[in-house]
Amino acid sequence: MTYEIIFEPHALDAATRFLKEDPAGLAVVLNAIDELAHNPRPAGTTPYGPDIRRLRVGAYRVIYVIDDAVIHILVTHLGRTS
């Protein structure tokens, strides 16, 4: 089963900002997000509840919501770690 990846506008705005500052780093993050379509709960992600998870990729973090009923993943936050 392949999940559809959807980005909230706030996450897209952050991605646009990071594209200007760190295009290579953002490419790695986007590849990791694409992998979530095939495995939405990979090892190394942290649960924030039954359907919310956090993924860390290098200096970036991604918060996303998994909706198994609709088969999509909603990326709600894309940011940098401190």
# chains A, B, ... in the order shown; residues from 1 in each chain; ligands from 1
>>> select_by_dssp(residues="chain A", states="helix (DSSP H, G or I)", output="ChimeraX atom specification")
/A:9-21,23-36
>>> closest_atom_pairs(of="segment 34-68 of chain A", to="segment 3-18 of chain A", cutoff="10 Å", atoms="only C-alpha atoms", output="JSON lines")
{"residue": "A:Asp34", "atom": "CA", "partner": "A:Ile5", "partner_atom": "CA", "distance": 7.4}
{"residue": "A:Glu35", "atom": "CA", "partner": "A:Tyr3", "partner_atom": "CA", "distance": 9.7}
{"residue": "A:Leu36", "atom": "CA", "partner": "A:Tyr3", "partner_atom": "CA", "distance": 7.6}
{"residue": "A:Ala37", "atom": "CA", "partner": "A:Tyr3", "partner_atom": "CA", "distance": 4.4}
{"residue": "A:His38", "atom": "CA", "partner": "A:Tyr3", "partner_atom": "CA", "distance": 6.5}
{"residue": "A:Asn39", "atom": "CA", "partner": "A:Tyr3", "partner_atom": "CA", "distance": 8.4}
{"residue": "A:Pro40", "atom": "CA", "partner": "A:Tyr3", "partner_atom": "CA", "distance": 7.8}
{"residue": "A:Tyr60", "atom": "CA", "partner": "A:Phe18", "partner_atom": "CA", "distance": 9.9}
{"residue": "A:Val62", "atom": "CA", "partner": "A:Ala11", "partner_atom": "CA", "distance": 8.8}
{"residue": "A:Ile63", "atom": "CA", "partner": "A:Ala11", "partner_atom": "CA", "distance": 9.3}
{"residue": "A:Tyr64", "atom": "CA", "partner": "A:Phe7", "partner_atom": "CA", "distance": 9.0}
{"residue": "A:Val65", "atom": "CA", "partner": "A:Ile6", "partner_atom": "CA", "distance": 9.8}
{"residue": "A:Ile66", "atom": "CA", "partner": "A:Tyr3", "partner_atom": "CA", "distance": 8.8}
{"residue": "A:Asp67", "atom": "CA", "partner": "A:Tyr3", "partner_atom": "CA", "distance": 8.9}
{"residue": "A:Asp68", "atom": "CA", "partner": "A:Tyr3", "partner_atom": "CA", "distance": 8.4}
>>> select_by_dssp(residues="chain A", states="strand (DSSP E or B)", output="NGL selection string")
:A and (4-7 or 46-47 or 52-57 or 60-67 or 72-80)
>>> residues_around(residues="segment 52-57 of chain A", least_positions_apart="5", cutoff="12 Å", atoms="only C-alpha atoms", output="count of residues only")
36
